[in-house]
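Everything below belongs to run20.cif, which stores mmCIF, C-alpha atoms and all ligand atoms.
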data_query
#
loop_
_atom_site.label_atom_id
_atom_site.label_comp_id
_atom_site.auth_asym_id
_atom_site.auth_seq_id
_atom_site.Cartn_x
_atom_site.Cartn_y
_atom_site.Cartn_z
CA MET A 1 67.74 68.73 69.11
CA THR A 2 69.06 72.26 69.46
CA THR A 3 69.77 73.25 73.03
CA LYS A 4 70.06 76.79 74.15
CA ILE A 5 73.15 78.08 75.93
CA SER A 6 71.86 80.79 78.21
CA GLN A 7 73.38 84.21 77.89
CA VAL A 8 72.79 85.96 81.15
CA PRO A 9 72.81 89.75 81.06
CA VAL A 10 75.36 90.94 83.60
CA ASN A 11 75.68 94.35 85.11
CA ASN A 12 78.86 96.04 86.24
CA LEU A 13 81.22 94.58 83.69
CA PRO A 14 84.43 96.44 82.80
CA SER A 15 83.52 99.34 80.54
CA GLY A 16 83.62 98.54 76.84
CA THR A 17 83.07 94.81 77.42
CA ILE A 18 80.10 92.50 76.99
CA PRO A 19 79.65 88.78 77.67
CA LEU A 20 81.09 86.82 74.74
CA GLU A 21 77.97 85.97 72.77
CA ASN A 22 79.84 83.33 70.78
CA GLN A 23 81.14 81.39 73.74
CA VAL A 24 80.21 77.76 73.07
CA ALA A 25 81.67 75.98 76.13
CA GLY A 26 83.49 76.47 79.40
CA HIS A 27 82.57 78.49 82.44
CA THR A 28 79.81 80.97 81.76
CA PHE A 29 77.89 83.65 83.63
CA GLN A 30 75.20 82.11 85.84
CA GLU A 31 72.27 84.13 86.98
CA GLY A 32 72.30 84.88 90.70
CA THR A 33 75.87 83.61 91.24
CA ASP A 34 79.39 85.03 91.07
CA ALA A 35 80.31 82.71 88.19
CA LEU A 36 82.10 84.51 85.38
CA GLY A 37 82.32 83.73 81.70
CA MET A 38 84.31 85.03 78.77
CA LEU A 39 84.00 88.69 77.79
CA LYS A 40 84.39 90.46 74.50
CA ASP A 41 86.12 93.80 74.06
CA GLU A 42 83.59 95.75 72.00
CA SER A 43 86.16 97.91 70.26
CA ASP A 44 88.88 95.35 69.63
CA ASP A 45 89.55 91.87 68.28
CA ILE A 46 90.03 90.59 71.81
CA VAL A 47 88.28 88.15 74.12
CA LEU A 48 88.87 88.27 77.86
CA LYS A 49 89.15 85.05 79.85
CA PRO A 50 88.59 85.50 83.60
CA LEU A 51 91.20 83.86 85.79
CA THR A 52 88.68 82.90 88.40
CA LYS A 53 90.25 79.82 90.00
CA PRO A 54 93.52 80.98 91.59
CA ILE A 55 95.75 77.95 90.85
CA CYS A 56 94.33 77.17 87.41
CA GLY A 57 94.38 80.86 86.52
CA GLU A 58 97.99 81.31 87.56
CA ARG A 59 98.96 78.17 85.62
CA GLU A 60 97.28 79.36 82.42
CA LYS A 61 98.73 82.85 82.76
CA SER A 62 102.25 81.40 83.24
CA PHE A 63 101.73 79.22 80.19
CA TYR A 64 100.98 82.20 77.93
CA GLU A 65 103.65 84.39 79.58
CA LEU A 66 106.30 81.76 78.91
CA LEU A 67 105.32 81.59 75.24
CA GLN A 68 105.69 85.38 75.03
CA THR A 69 109.34 85.34 76.03
CA THR A 70 110.63 81.93 75.00
CA LYS A 71 113.41 81.41 72.50
CA ASN A 72 112.98 77.65 72.61
CA PRO A 73 112.09 76.45 69.08
CA CYS A 74 109.64 73.85 70.30
CA LEU A 75 107.73 76.37 72.42
CA LEU A 76 107.86 78.89 69.59
CA ALA A 77 106.22 76.24 67.41
CA LEU A 78 103.53 75.88 70.09
CA LYS A 79 102.99 79.64 70.14
CA ARG A 80 101.78 79.47 66.54
CA LEU A 81 99.14 76.92 67.51
CA VAL A 82 97.45 78.96 70.24
CA PRO A 83 95.49 82.24 70.07
CA GLU A 84 97.69 85.31 70.15
CA TYR A 85 98.15 86.48 73.73
CA ARG A 86 98.01 90.21 74.49
CA GLY A 87 98.81 90.15 78.22
CA VAL A 88 96.43 90.50 81.16
CA VAL A 89 94.08 93.16 82.41
CA THR A 90 92.55 93.58 85.84
CA ALA A 91 89.04 94.91 86.11
CA ASP A 92 86.29 95.37 88.61
CA VAL A 93 83.40 92.97 88.08
CA ASN A 94 80.39 93.30 90.32
CA GLY A 95 82.62 94.88 92.95
CA LYS A 96 85.42 92.28 92.74
CA GLU A 97 88.92 92.64 91.25
CA VAL A 98 89.28 90.05 88.51
CA GLU A 99 92.27 89.35 86.29
CA PHE A 100 91.60 88.47 82.65
CA LEU A 101 93.78 86.99 79.92
CA LYS A 102 93.55 88.98 76.69
CA LEU A 103 93.42 86.65 73.69
CA VAL A 104 92.77 87.41 70.06
CA ASP A 105 89.19 86.55 69.14
CA LEU A 106 89.34 83.68 66.68
CA THR A 107 85.95 84.64 65.27
CA HIS A 108 86.94 88.22 64.60
CA GLY A 109 85.61 89.52 61.29
CA MET A 110 83.40 86.48 60.70
CA ARG A 111 79.79 87.19 59.76
CA LYS A 112 78.51 83.70 60.59
CA PRO A 113 81.03 82.09 62.93
CA CYS A 114 80.68 78.34 63.34
CA ILE A 115 82.58 77.27 66.43
CA MET A 116 83.28 73.89 67.98
CA ASP A 117 85.13 73.22 71.22
CA ILE A 118 86.68 69.73 71.24
CA LYS A 119 88.29 68.60 74.47
CA VAL A 120 91.27 66.34 73.87
CA GLY A 121 92.32 63.24 75.81
CA LYS A 122 90.79 60.18 77.45
CA ARG A 123 91.88 61.60 80.78
CA THR A 124 90.57 65.07 81.61
CA TRP A 125 91.78 65.34 85.18
CA ASP A 126 95.21 66.54 86.19
CA PRO A 127 97.72 65.05 88.67
CA LEU A 128 96.40 67.23 91.49
CA ALA A 129 92.77 66.15 91.06
CA THR A 130 90.91 64.83 94.09
CA LYS A 131 89.29 61.38 94.02
CA GLU A 132 85.91 63.07 93.68
CA LYS A 133 87.04 65.15 90.70
CA ILE A 134 88.49 62.04 89.01
CA LEU A 135 85.22 60.18 89.45
CA VAL A 136 83.17 63.05 88.05
CA GLU A 137 85.50 63.51 85.08
CA GLU A 138 85.62 59.78 84.30
CA GLU A 139 81.84 59.61 84.12
CA LYS A 140 81.36 62.56 81.77
CA TYR A 141 81.38 62.10 77.99
CA ALA A 142 82.53 58.53 78.76
CA ALA A 143 81.51 56.86 75.47
CA CYS A 144 83.43 59.37 73.37
CA LYS A 145 86.42 59.89 75.60
CA LYS A 146 87.14 56.18 76.09
CA THR A 147 86.97 55.24 72.43
CA ILE A 148 88.44 58.25 70.65
CA GLY A 149 89.89 60.41 73.43
CA LEU A 150 87.71 63.37 72.43
CA CYS A 151 84.54 65.06 73.57
CA ILE A 152 82.44 68.05 72.57
CA PRO A 153 81.42 70.38 75.42
CA GLY A 154 79.69 72.75 73.00
CA PHE A 155 79.39 74.13 69.49
CA GLN A 156 77.39 76.43 67.25
CA VAL A 157 76.73 76.27 63.55
CA TYR A 158 74.93 78.47 61.02
CA ASP A 159 72.96 76.22 58.70
CA ILE A 160 73.90 77.44 55.21
CA GLU A 161 70.55 76.32 53.80
CA THR A 162 68.36 78.21 56.25
CA GLY A 163 70.80 80.81 57.58
CA LYS A 164 69.71 79.85 61.12
CA LEU A 165 72.11 79.62 64.04
CA HIS A 166 71.99 76.36 66.03
CA ARG A 167 73.71 76.07 69.39
CA PHE A 168 74.50 72.82 71.16
CA SER A 169 75.53 72.62 74.81
CA LYS A 170 77.47 70.07 76.84
CA ASP A 171 74.24 68.13 77.48
CA TYR A 172 74.22 67.26 73.79
CA GLY A 173 77.95 66.44 73.83
CA LYS A 174 77.61 64.11 76.80
CA LYS A 175 75.25 61.82 74.87
CA LEU A 176 77.63 61.25 71.97
CA ASN A 177 79.50 58.06 71.09
CA GLU A 178 82.14 57.51 68.43
CA THR A 179 79.62 57.28 65.58
CA THR A 180 77.47 60.19 66.62
CA PHE A 181 80.61 62.23 67.29
CA ARG A 182 81.48 61.87 63.59
CA ASP A 183 77.91 62.76 62.57
CA THR A 184 78.13 65.82 64.80
CA LEU A 185 81.28 66.94 63.02
CA ARG A 186 79.43 66.63 59.71
CA LEU A 187 76.62 68.72 61.10
CA PHE A 188 79.18 71.29 62.19
CA LEU A 189 80.77 71.25 58.73
CA ASN A 190 77.40 71.91 57.06
CA ALA A 191 77.73 68.67 55.14
CA LYS A 192 74.06 67.90 54.45
CA SER A 193 74.74 67.89 50.71
CA GLY A 194 78.28 66.62 51.01
CA LEU A 195 81.49 67.75 52.67
CA CYS A 196 83.29 70.82 51.36
CA ARG A 197 86.71 69.55 50.40
CA LYS A 198 88.42 72.88 50.88
CA LEU A 199 87.04 73.27 54.39
CA VAL A 200 88.09 69.73 55.31
CA ILE A 201 91.63 70.27 53.99
CA GLN A 202 92.10 73.60 55.72
CA ILE A 203 91.07 72.14 59.07
CA LEU A 204 93.12 69.02 58.47
CA LEU A 205 96.25 71.05 57.73
CA GLU A 206 95.95 72.80 61.09
CA LEU A 207 95.18 69.59 62.94
CA LYS A 208 98.28 68.02 61.40
CA SER A 209 100.37 70.90 62.74
CA ILE A 210 99.03 70.27 66.23
CA GLN A 211 99.63 66.54 65.84
CA LYS A 212 103.15 67.21 64.64
CA TRP A 213 103.86 69.42 67.65
CA ILE A 214 102.45 67.07 70.25
CA ARG A 215 104.48 64.18 68.82
CA MET A 216 107.77 65.98 69.12
CA GLN A 217 107.46 67.67 72.52
CA ALA A 218 108.08 66.48 76.05
CA TYR A 219 107.60 69.84 77.77
CA TYR A 220 103.94 69.64 78.63
CA LYS A 221 101.18 67.28 79.58
CA LEU A 222 97.94 68.97 78.59
CA TYR A 223 94.91 67.84 80.58
CA SER A 224 91.38 69.00 79.82
CA SER A 225 92.66 71.23 77.04
CA SER A 226 90.60 71.90 73.92
CA ILE A 227 90.95 72.49 70.22
CA LEU A 228 88.73 75.27 68.90
CA LEU A 229 87.53 74.79 65.32
CA VAL A 230 86.20 77.96 63.74
CA TYR A 231 84.99 78.82 60.25
CA ASP A 232 82.78 81.44 58.64
CA ALA A 233 79.62 79.92 57.16
CA GLU A 234 79.19 83.00 55.01
CA LYS A 235 82.49 82.30 53.26
CA LEU A 236 81.57 78.63 52.94
CA GLU A 237 78.36 79.66 51.20
CA THR A 238 80.34 81.80 48.75
CA ILE A 239 82.75 78.97 47.98
CA LEU A 240 79.96 76.47 47.40
CA HIS A 241 78.11 79.01 45.26
CA ASP A 242 81.27 79.72 43.19
CA ASN A 243 81.90 76.01 42.79
CA LYS A 244 78.44 75.61 41.29
CA LEU A 245 78.91 78.50 38.89
CA ASN A 246 82.40 77.48 37.82
CA CYS A 247 81.91 73.78 37.50
CA ASN A 248 78.24 73.62 36.76
CA ILE A 249 78.01 70.48 38.83
CA GLY A 250 74.81 69.97 40.80
CA ASN A 251 76.52 69.67 44.16
CA GLY A 252 79.13 72.37 44.61
CA SER A 253 80.74 70.77 47.61
CA ILE A 254 81.57 67.45 46.00
CA LEU A 255 84.79 67.72 44.06
CA SER A 256 86.88 65.44 41.90
CA HIS A 257 88.49 62.17 43.01
CA ALA A 258 91.77 63.08 41.50
CA ASP A 259 93.50 65.20 44.09
CA ILE A 260 93.28 63.33 47.35
CA PRO A 261 96.76 63.22 48.86
CA SER A 262 98.44 59.94 48.06
CA ASP A 263 99.87 59.53 51.54
CA LEU A 264 97.11 59.77 54.11
CA ASN A 265 98.84 57.33 56.34
CA THR A 266 100.02 58.94 59.57
CA SER A 267 101.10 55.64 61.11
CA THR A 268 104.53 55.94 59.52
CA MET A 269 105.25 59.02 61.59
CA PRO A 270 108.09 58.61 64.09
CA GLN A 271 106.60 58.24 67.56
CA ASP A 272 109.20 59.50 69.97
CA LEU A 273 112.10 61.20 68.34
CA PRO A 274 113.27 64.49 69.82
CA TYR A 275 112.24 67.74 68.15
CA GLU A 276 115.37 68.24 66.05
CA ASN A 277 115.12 64.79 64.51
CA THR A 278 111.45 64.88 63.66
CA LYS A 279 111.30 68.44 62.40
CA SER A 280 112.23 67.90 58.79
CA TRP A 281 110.16 64.73 58.56
CA CYS A 282 107.14 66.53 59.92
CA ASP A 283 107.63 69.48 57.60
CA GLU A 284 107.74 67.12 54.64
CA ASN A 285 104.61 65.38 55.79
CA THR A 286 102.67 68.60 56.16
CA LYS A 287 103.91 69.78 52.80
CA ASP A 288 101.92 67.00 51.08
CA TYR A 289 98.74 68.56 52.32
CA GLU A 290 99.91 72.08 51.55
CA GLN A 291 100.69 71.04 48.00
CA THR A 292 97.34 69.37 47.59
CA LEU A 293 95.57 72.42 48.83
CA LEU A 294 97.45 74.92 46.75
CA HIS A 295 98.17 72.88 43.63
CA PRO A 296 95.59 70.14 43.10
CA LYS A 297 96.67 67.63 40.49
CA SER A 298 93.50 67.38 38.48
CA ASP A 299 91.53 69.85 36.47
CA SER A 300 88.91 69.73 39.14
CA CYS A 301 86.52 72.37 40.27
CA ALA A 302 88.93 73.31 43.02
CA ASN A 303 91.70 73.87 40.47
CA LYS A 304 89.71 76.35 38.53
CA LEU A 305 88.95 78.36 41.59
CA ILE A 306 92.54 78.33 42.74
CA VAL A 307 93.82 79.25 39.29
CA ASN A 308 91.45 82.17 39.40
CA GLY A 309 93.20 83.06 42.62
CA ARG A 310 90.05 83.29 44.64
CA THR A 311 90.32 80.60 47.26
CA ASP A 312 93.79 80.77 48.68
CA ASP A 313 92.66 83.00 51.54
CA ARG A 314 92.60 80.73 54.54
CA SER A 315 91.56 83.34 57.09
CA TRP A 316 87.98 82.10 57.13
CA THR A 317 89.01 79.00 59.11
CA HIS A 318 90.96 78.77 62.35
CA VAL A 319 92.01 75.78 64.40
CA LYS A 320 93.78 76.57 67.67
CA MET A 321 94.66 74.85 70.91
CA ILE A 322 92.97 76.59 73.86
CA ASP A 323 92.48 76.25 77.61
CA PHE A 324 95.73 75.62 79.45
CA ALA A 325 94.37 75.77 82.99
CA HIS A 326 95.64 72.21 83.41
CA ALA A 327 98.87 72.41 81.41
CA PHE A 328 101.51 70.67 83.52
CA SER A 329 105.23 70.86 82.85
CA SER A 330 106.58 67.36 82.30
CA ASP A 331 108.86 66.10 85.02
CA ASP A 332 110.32 63.44 82.74
CA ASP A 333 110.99 63.13 79.02
CA SER A 334 107.86 61.19 78.20
CA LEU A 335 105.41 62.17 75.53
CA ASP A 336 101.85 63.35 76.17
CA THR A 337 100.30 60.09 74.99
CA ASN A 338 96.92 61.12 76.39
CA TYR A 339 96.67 64.18 74.12
CA MET A 340 98.28 62.27 71.26
CA PHE A 341 95.56 59.63 71.35
CA GLY A 342 92.86 62.30 70.97
CA ILE A 343 94.52 64.34 68.24
CA ASP A 344 95.35 61.16 66.30
CA SER A 345 91.64 60.25 66.38
CA LEU A 346 90.63 63.70 65.18
CA VAL A 347 93.15 63.67 62.34
CA ARG A 348 91.96 60.19 61.37
CA ILE A 349 88.34 61.33 61.27
CA PHE A 350 89.20 64.32 59.05
CA GLU A 351 91.36 62.13 56.80
CA GLY A 352 88.30 59.89 56.44
CA PHE A 353 86.25 62.95 55.50
CA LEU A 354 88.86 63.94 52.93
CA LYS A 355 88.71 60.52 51.29
CA GLU A 356 84.93 60.90 51.14
CA CYS A 357 85.24 64.22 49.33
CA GLY A 358 86.69 62.48 46.30
N1 LIG B 1 90.63 83.04 71.53
C1 LIG B 1 89.33 82.79 71.51
N2 LIG B 1 88.57 83.32 70.52
C2 LIG B 1 87.24 83.09 70.46
N3 LIG B 1 86.57 82.35 71.38
C3 LIG B 1 87.27 81.81 72.39
C4 LIG B 1 88.68 81.99 72.51
N4 LIG B 1 89.11 81.32 73.61
C5 LIG B 1 88.02 80.75 74.15
N5 LIG B 1 86.91 81.05 73.44
C6 LIG B 1 85.52 80.65 73.74
O1 LIG B 1 85.40 80.43 75.13
C7 LIG B 1 85.06 79.07 75.40
C8 LIG B 1 85.72 78.62 76.68
O2 LIG B 1 87.13 78.75 76.61
P1 LIG B 1 88.07 77.96 77.61
O3 LIG B 1 87.99 76.51 77.35
O4 LIG B 1 89.42 78.58 77.55
O5 LIG B 1 87.36 78.31 79.01
P2 LIG B 1 87.19 77.49 80.36
O6 LIG B 1 86.16 78.16 81.14
O7 LIG B 1 88.55 77.29 80.96
O8 LIG B 1 86.66 76.07 79.90
P3 LIG B 1 86.53 74.73 80.81
O9 LIG B 1 85.23 74.84 81.54
O10 LIG B 1 86.52 73.64 79.78
O11 LIG B 1 87.69 74.67 81.74
C9 LIG B 1 85.46 78.29 74.15
O12 LIG B 1 84.68 77.14 73.98
C10 LIG B 1 85.16 79.35 73.06
O13 LIG B 1 83.79 79.37 72.75
O1 LIG B 2 82.04 69.69 80.70
P1 LIG B 2 81.43 70.05 82.00
O2 LIG B 2 80.43 69.10 82.48
O3 LIG B 2 80.99 71.48 82.07
O4 LIG B 2 82.59 69.93 83.11
C1 LIG B 2 83.43 70.99 83.44
C2 LIG B 2 84.73 70.80 82.69
O5 LIG B 2 85.29 69.54 83.00
C3 LIG B 2 85.70 71.88 83.07
O6 LIG B 2 86.94 71.65 82.43
C4 LIG B 2 85.90 71.92 84.58
O7 LIG B 2 86.64 73.06 84.93
P2 LIG B 2 88.15 72.96 85.34
O8 LIG B 2 88.86 72.71 84.05
O9 LIG B 2 88.44 74.30 85.92
O10 LIG B 2 88.31 71.82 86.29
C5 LIG B 2 84.59 72.05 85.31
O11 LIG B 2 84.87 71.94 86.67
P3 LIG B 2 84.21 72.86 87.80
O12 LIG B 2 82.74 72.51 87.78
O13 LIG B 2 84.90 72.42 89.03
O14 LIG B 2 84.47 74.27 87.44
C6 LIG B 2 83.61 70.98 84.94
O15 LIG B 2 82.37 71.20 85.58
#

Here is a file; write its structure as structure tokens.
Ligand SMILES: Nc1ncnc2c1ncn2[C@@H]1O[C@H](COP(=O)(O)OP(=O)(O)OP(=O)(O)O)[C@@H](O)[C@H]1O
Ligand SMILES: O=P(O)(O)O[C@@H]1[C@H](O)[C@H](O)[C@@H](OP(=O)(O)O)[C@H](OP(=O)(O)O)[C@H]1O
Amino acid sequence: MTTKISQVPVNNLPSGTIPLENQVAGHTFQEGTDALGMLKDESDDIVLKPLTKPICGEREKSFYELLQTTKNPCLLALKRLVPEYRGVVTADVNGKEVEFLKLVDLTHGMRKPCIMDIKVGKRTWDPLATKEKILVEEEKYAACKKTIGLCIPGFQVYDIETGKLHRFSKDYGKKLNETTFRDTLRLFLNAKSGLCRKLVIQILLELKSIQKWIRMQAYYKLYSSSILLVYDAEKLETILHDNKLNCNIGNGSILSHADIPSDLNTSTMPQDLPYENTKSWCDENTKDYEQTLLHPKSDSCANKLIVNGRTDDRSWTHVKMIDFAHAFSSDDDSLDTNYMFGIDSLVRIFEGFLKECG
């Protein structure tokens, strides 16, 4: 079932950089061609994304540049949901001048990074796409995209039982349907013996922030953009191990029923109010999850760990929006219903997981 994502050794890269070993999707180095993939700065917490296609590259660069300088509250809220941008660098690759975006590496400091790229939206082609491109895009990942507005072009996971790294390419993702998509998320979350409630909540909190932002903005339509889920399997192992020791329950990842948030219903969220009007409502809504995470109601296993002050470090999980090569400024005030459909599905799936954790 595991498919290998080839890592092609490349000569003549900018000094101090190597191909990003942990790249799970997107354009990669191809042997015998000029195709470029992501690079890693060996001495820094930075990944370098080549701006290979002129129009897409310029669009993505403008997107990050705007977030650097904006004072607009809605765009500042977006800035918190994307990897930190550190400008651009131009380098010579195999004799060609290439510009790269410098982005903070979301896996930095992780010993066993588990990474999943989830592309959001039923429609993954932008308004400038040719008929041919539309046809190709409509055919790919069709079962998943049509039903839940999501697809998985790649992921990797360290199995916490064996310690082995498993990598899955787009060929795997293209075979998924709604049910197997969910199963794949479980596989990614190392849920063989049950879902880890803390992991599910941390991811859900971040997904809710993205959902909240997309529901209140009319600045962008994001086509073919992804959400990157990242966590450190080594930290997950420690948490599950501590749970066992503290609670002496056979399965460390299964926690008490008592502290599932009472309001898991996102359907009450206002659909199309402007930013100012939705802000406080959204903050309230997110607070429920925050409270549940930080102050569970019951004397559950999670409580004990949190009281001991050992699990409130959230830096072992990251959820960020990435890939803005097809981020189009809205020319009207309409919402990005395409992205909304996908993120709503993802939030719903994780809310289902959270219910299961009880
Ligand atoms: N900030 C980051 N930190 C760590 N890894 C990253 C980061 N940004 C991107 N990646 C890795 O690079 C991959 C590709 O990123 P991205 O989607 O931006 O590239 P792309 O070539 O434009 O993709 P596509 O082919 O979908 O257009 C991601 O799946 C992830 O593995
Ligand atoms: O998931 P797959 O099958 O790898 O499909 C690719 C994916 O849709 C990329 O987003 C797209 O790059 P763009 O976002 O730049 O369009 C790329 O187009 P490309 O082959 O024209 O580079 C596709 O091949």

Item checked: Expected selection as a ChimeraX atom specification for ligand LIG 2 (chain B) within 9 Å, all atoms listed in the file -> /A:25-27,52-53,56-57,119,124-126,129,133,136-137,140-141,151-154,170-171,173-174,223-225,323-326

Those residues with C-alpha atoms, as a JSON list (two decimals), in the frame of the given file please?
[["chain", "number", "residue", "atom", "x", "y", "z"],
["A", 25, "ALA", "CA", 81.67, 75.98, 76.13],
["A", 26, "GLY", "CA", 83.49, 76.47, 79.40],
["A", 27, "HIS", "CA", 82.57, 78.49, 82.44],
["A", 52, "THR", "CA", 88.68, 82.90, 88.40],
["A", 53, "LYS", "CA", 90.25, 79.82, 90.00],
["A", 56, "CYS", "CA", 94.33, 77.17, 87.41],
["A", 57, "GLY", "CA", 94.38, 80.86, 86.52],
["A", 119, "LYS", "CA", 88.29, 68.60, 74.47],
["A", 124, "THR", "CA", 90.57, 65.07, 81.61],
["A", 125, "TRP", "CA", 91.78, 65.34, 85.18],
["A", 126, "ASP", "CA", 95.21, 66.54, 86.19],
["A", 129, "ALA", "CA", 92.77, 66.15, 91.06],
["A", 133, "LYS", "CA", 87.04, 65.15, 90.70],
["A", 136, "VAL", "CA", 83.17, 63.05, 88.05],
["A", 137, "GLU", "CA", 85.50, 63.51, 85.08],
["A", 140, "LYS", "CA", 81.36, 62.56, 81.77],
["A", 141, "TYR", "CA", 81.38, 62.10, 77.99],
["A", 151, "CYS", "CA", 84.54, 65.06, 73.57],
["A", 152, "ILE", "CA", 82.44, 68.05, 72.57],
["A", 153, "PRO", "CA", 81.42, 70.38, 75.42],
["A", 154, "GLY", "CA", 79.69, 72.75, 73.00],
["A", 170, "LYS", "CA", 77.47, 70.07, 76.84],
["A", 171, "ASP", "CA", 74.24, 68.13, 77.48],
["A", 173, "GLY", "CA", 77.95, 66.44, 73.83],
["A", 174, "LYS", "CA", 77.61, 64.11, 76.80],
["A", 223, "TYR", "CA", 94.91, 67.84, 80.58],
["A", 224, "SER", "CA", 91.38, 69.00, 79.82],
["A", 225, "SER", "CA", 92.66, 71.23, 77.04],
["A", 323, "ASP", "CA", 92.48, 76.25, 77.61],
["A", 324, "PHE", "CA", 95.73, 75.62, 79.45],
["A", 325, "ALA", "CA", 94.37, 75.77, 82.99],
["A", 326, "HIS", "CA", 95.64, 72.21, 83.41]]

Expected axis-aligned box over every listed atom of region 74-89 of chain A, 6 Å added per side, centre plus edges in Å to one decimal, as AutoDock Vina command-line options:
--center_x 101.9 --center_y 83.5 --center_z 74.5 --size_x 27.6 --size_y 31.3 --size_z 27.9

For the interface of chain A with ligand LIG 1 (chain B) (cut-off 7 Å, counting all atoms listed in the file), please tabulate each contacting residue of chain A alongside its nearest pair of atoms and their separation in Å to one decimal, rows sorted by chain and increasing number, as CSV.
residue,atom,partner,partner_atom,distance
A:Asn22,CA,B:LIG1,O13,5.9
A:Gln23,CA,B:LIG1,O13,3.5
A:Val24,CA,B:LIG1,O13,3.9
A:Ala25,CA,B:LIG1,O12,3.9
A:Gly26,CA,B:LIG1,O9,3.2
A:His27,CA,B:LIG1,O6,3.8
A:Thr28,CA,B:LIG1,O6,7.0
A:Gly37,CA,B:LIG1,O6,6.8
A:Met38,CA,B:LIG1,O1,6.0
A:Val47,CA,B:LIG1,N2,6.0
A:Lys49,CA,B:LIG1,O4,6.9
A:Pro83,CA,B:LIG1,N1,5.1
A:Leu103,CA,B:LIG1,N1,5.0
A:Val104,CA,B:LIG1,N1,5.1
A:Asp105,CA,B:LIG1,N2,3.6
A:Leu106,CA,B:LIG1,N2,3.9
A:Thr107,CA,B:LIG1,C2,5.6
A:Ile115,CA,B:LIG1,O13,6.8
A:Met116,CA,B:LIG1,O12,7.0
A:Asp117,CA,B:LIG1,O12,4.8
A:Gly154,CA,B:LIG1,O12,6.7
A:Ser224,CA,B:LIG1,O10,6.7
A:Ser226,CA,B:LIG1,O3,6.3
A:Leu228,CA,B:LIG1,O12,6.8
A:Ile322,CA,B:LIG1,O4,5.5
A:Asp323,CA,B:LIG1,O4,3.8
A:Ala325,CA,B:LIG1,O7,6.3

Next item on the list: Find the distance between CA of Ile148 (chain A) and CA of Ser345 (chain A) and write it in Å to one decimal.
Entry: 5.7 Å

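Shortest atom-to-atom contact with Thr179 (chain A) among A:Ile203, A:Ala327, A:Met110, A:Ile349: A:Ile349, counting all atoms listed in the file.
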
Next item on the list: Please provide as a list of chain:residue names all residues within 10 Å of region 332-338 of chain A, with the sequence filter that same-chain residues fewer than 3 positions apart are discarded (counting all atoms listed in the file).
Entry: A:Val120, A:Gly121, A:Lys122, A:Arg123, A:Thr124, A:Gly149, A:Ile214, A:Arg215, A:Met216, A:Gln217, A:Ala218, A:Tyr219, A:Tyr220, A:Lys221, A:Leu222, A:Tyr223, A:Gln271, A:Asp272, A:Leu273, A:Pro274, A:Ser329, A:Phe341, A:Gly342, A:Ile343

Checklist line | Length of the CA of Arg186 (chain A) to CA of Glu84 (chain A) vector [Å] | finding: 28.1 Å

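CA of Val89 (chain A) is found 16.0 Å from CA of Asn12 (chain A).
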
Check: Trp316 (chain A): which residues within 12 Å, counting all atoms listed in the file, same-chain residues fewer than 5 positions away excluded, as number ranges by chain?
Finding: A: 106-115, 198-199, 202-203, 229-239, 311

Would you mind exporting C-alpha atoms of the selected residues as a short mmCIF file (atom, residue, chain, number, x, y, z; two decimals), keeping the file's coordinate frame?
data_model
loop_
_atom_site.label_atom_id
_atom_site.label_comp_id
_atom_site.auth_asym_id
_atom_site.auth_seq_id
_atom_site.Cartn_x
_atom_site.Cartn_y
_atom_site.Cartn_z
CA LEU A 106 89.34 83.68 66.68
CA THR A 107 85.95 84.64 65.27
CA HIS A 108 86.94 88.22 64.60
CA GLY A 109 85.61 89.52 61.29
CA MET A 110 83.40 86.48 60.70
CA ARG A 111 79.79 87.19 59.76
CA LYS A 112 78.51 83.70 60.59
CA PRO A 113 81.03 82.09 62.93
CA CYS A 114 80.68 78.34 63.34
CA ILE A 115 82.58 77.27 66.43
CA LYS A 198 88.42 72.88 50.88
CA LEU A 199 87.04 73.27 54.39
CA GLN A 202 92.10 73.60 55.72
CA ILE A 203 91.07 72.14 59.07
CA LEU A 229 87.53 74.79 65.32
CA VAL A 230 86.20 77.96 63.74
CA TYR A 231 84.99 78.82 60.25
CA ASP A 232 82.78 81.44 58.64
CA ALA A 233 79.62 79.92 57.16
CA GLU A 234 79.19 83.00 55.01
CA LYS A 235 82.49 82.30 53.26
CA LEU A 236 81.57 78.63 52.94
CA GLU A 237 78.36 79.66 51.20
CA THR A 238 80.34 81.80 48.75
CA ILE A 239 82.75 78.97 47.98
CA THR A 311 90.32 80.60 47.26
#

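Nearest-residue note for Met321 (chain A): choosing from A:Leu48, A:Leu101, A:Leu20, A:Leu81, the minimum distance belongs to A:Leu81, counting only C-alpha atoms.
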